[in-house]
Number of protein chains: 2
Amino acid sequence: MKNLDELSITDAVLQSHAGTPDSRTKELVDSVVTHLHAFAREVSLTENEWLAAIRFLTAVGHKTDDRRQEFILLSDTLGLSSLVTAMSNRKPEECTESTVLGPFFLTDAPALSNGGDVAQGAPGELCFVSGSVRGVHGEPVAGARIEVWQADEDGLYDVQYEDLDAPRARAVLLSEPDGSFEFRTIVPRPYPVPYDGPVGEMLKTLGRRPVRPAHLHFMISAQAYEPLITQIFRKDDPNLRSDAVFGVRSSLVCEWTRHTAGIAPDGSQRETPFTTIAFDFVLAPVRI
Amino acid sequence: MKNLDELSITDAVLQSHAGTPDSRTKELVDSVVTHLHAFAREVSLTENEWLAAIRFLTAVGHKTDDRRQEFILLSDTLGLSSLVTAMSNRKPEECTESTVLGPFFLTDAPALSNGGDVAQGAPGELCFVSGSVRGVHGEPVAGARIEVWQADEDGLYDVQYEDLDAPRARAVLLSEPDGSFEFRTIVPRPYPVPYDGPVGEMLKTLGRRPVRPAHLHFMISAQAYEPLITQIFRKDDPNLRSDAVFGVRSSLVCEWTRHTAGIAPDGSQRETPFTTIAFDFVLAPVRI
């Protein structure tokens, strides 16, 4: 019979799954249990605080559905997603850095030709994006699959609207034989992560703002290269230092140049201001 | 602008809530973040493992409702509940040890006179329970509020039945002026914790059995004493060493004596076997 106390309980739990068939599973759960118990001891967790944690996690679970992933938001806002992304994407310095995927990626973005319109009616100021996809030796990557998605001028992604019947402000296109790509879209704005749930309450309790700096999401894949999931940010965005999900990397910040009315990069005459963004992506060779 | 990497991310998260108004909240979240990141680094958590964890927690949240608390079950089966209970209930050695509350406590147990029937129709073999409530100097505690709840012979609590319209196998009674109490009930059986959800899947993956040894739950409170939440166990129960929620304490194990048909403790003649259990509870003086 076991006579457990606050010191012996951790070993007893580890012993209980000593026979776990899969060794990696055992390694993960051993570490979870050890850190969970170490946390409780370190702070002398009280029964009321434990109950508050149970209620918080329950609320996070109940907020989560097909359109809203509150646990990913929790992971994002506690920096866990950013840490896992960084550990999983170590690569040569000259490669474009990875950053967090975020909760708004969908697998069925519509295909677009180079030069086409990503926005498809999403509201915002006109923006022209161009760049290239290359390898670490400068070689152009032809036919790279470039997926882009973004918020509109109200800080919302298409999935956050209840009544849209087609995707917008998301698309997939291919790089040209010289590695180049271009498209037009709208300027993404800074926006708050969804803060009407328990994670929003948590941020408020911690005195944190839920805001994300403006960014464009990219997922780029090509044969013989590692897939790249990243975001590009605006140099003069005042929110770069307080990203609620810790996704900013200085190498991913670039000039977003605003132009007065006139001739746009596509040769057209524009009556209103527009923005241009240029960014060159460098892919890492595939890991053997 | 922040240039975060897998080393600097933890400090960045801690910095982000440096202005948390409540210092205890800050202490708790600092420790959670530090241990969460240390865990991820220690095991080099992959993106797929991270996603599996998100899905597991989502399933735990979706399994939880008014009648089922899968997060408490998770805490119980990882030994966290037992640890928090032990840390929160340090007391003189001569006092009865506390153990976990479990998920089946309800606040509206019906009142019962001493000698009354706790079972109220719950199926099981007859059992007579008697004992006393005392302080550390042996003084009787009169009028202590004694709440008892238990599983029936099928290993089920009343709340686990869909169609019961009144509580059964749970009651509240008061100790007599000499500190004594007695009631009749049914013999509780070993039972599995609910294993038809994600925590059950987890136990299976870890090669663990979901079983709990047979026990009676008690919650005892009296003026000038610390409340006591505990369970008593059967000496020859083969499951004492593998309690799925780590609730067994050797000081809480006692003889459950089975008698053949004959005269029962209440003076009645019984045609079938019955069990007697005696246990004396010692309350800790209230903490100033």
# chains A, B, ... in the order shown; residues from 1 in each chain; ligands from 1
>>> interface_residues(of="chain B", to="chain A", cutoff="7 Å", atoms="only C-alpha atoms", output="PyMOL selection string")
chain B and resi 1-6+9+13+16-17+19-21+28+31-33+35+37+39+43+45-47+54+58+61-62+71-72+78-80+83-88+205-208+240-241+248-250
>>> residues_around(residues="Asp280 in chain B", least_positions_apart="6", cutoff="12 Å", atoms="only C-alpha atoms", output="list in words")
Glu94, Cys95, Thr96, Glu97, Val129, Ser130, Gly131, Ser132, Val133, Arg134, Gly135, Val136, Gly138, Pro140, Val141, Ser175, Gly179, Ser180, Phe181, Glu182, Phe218, Ile220, Ile232, Ser251, Leu252, Val253 and Cys254 of chain B
>>> atom_distance(atom1="CA of Pro285 in chain B", atom2="CA of Gln223 in chain B")
9.3 Å
>>> select_by_dssp(residues="range 16-236 of chain A", states="helix (DSSP H, G or I)", output="PyMOL selection string")
chain A and resi 16+23-42+47-63+70-77+80-88+158-160+198-205
>>> select_by_dssp(residues="range 215-247 of chain B", states="strand (DSSP E)", output="list in words")
His215, Leu216, His217, Phe218, Met219, Ile220, Ser221, Leu228, Ile229, Thr230, Gln231, Ile232, Phe233 and Arg234 of chain B
>>> atom_distance(atom1="CA of Thr107 in chain A", atom2="CA of Pro213 in chain A")
23.9 Å
>>> closest_residue(among="B:Pro103, B:Pro210, B:Thr276, B:Val159", to="Asp196 in chain B", atoms="only C-alpha atoms")
B:Pro210
>>> closest_residue(among="B:Ala214, B:Ala264, B:Leu228, B:Ile277", to="Gly155 in chain B", atoms="only C-alpha atoms")
B:Ala214
>>> atom_distance(atom1="CA of Glu139 in chain A", atom2="CA of Ile229 in chain A")
19.9 Å
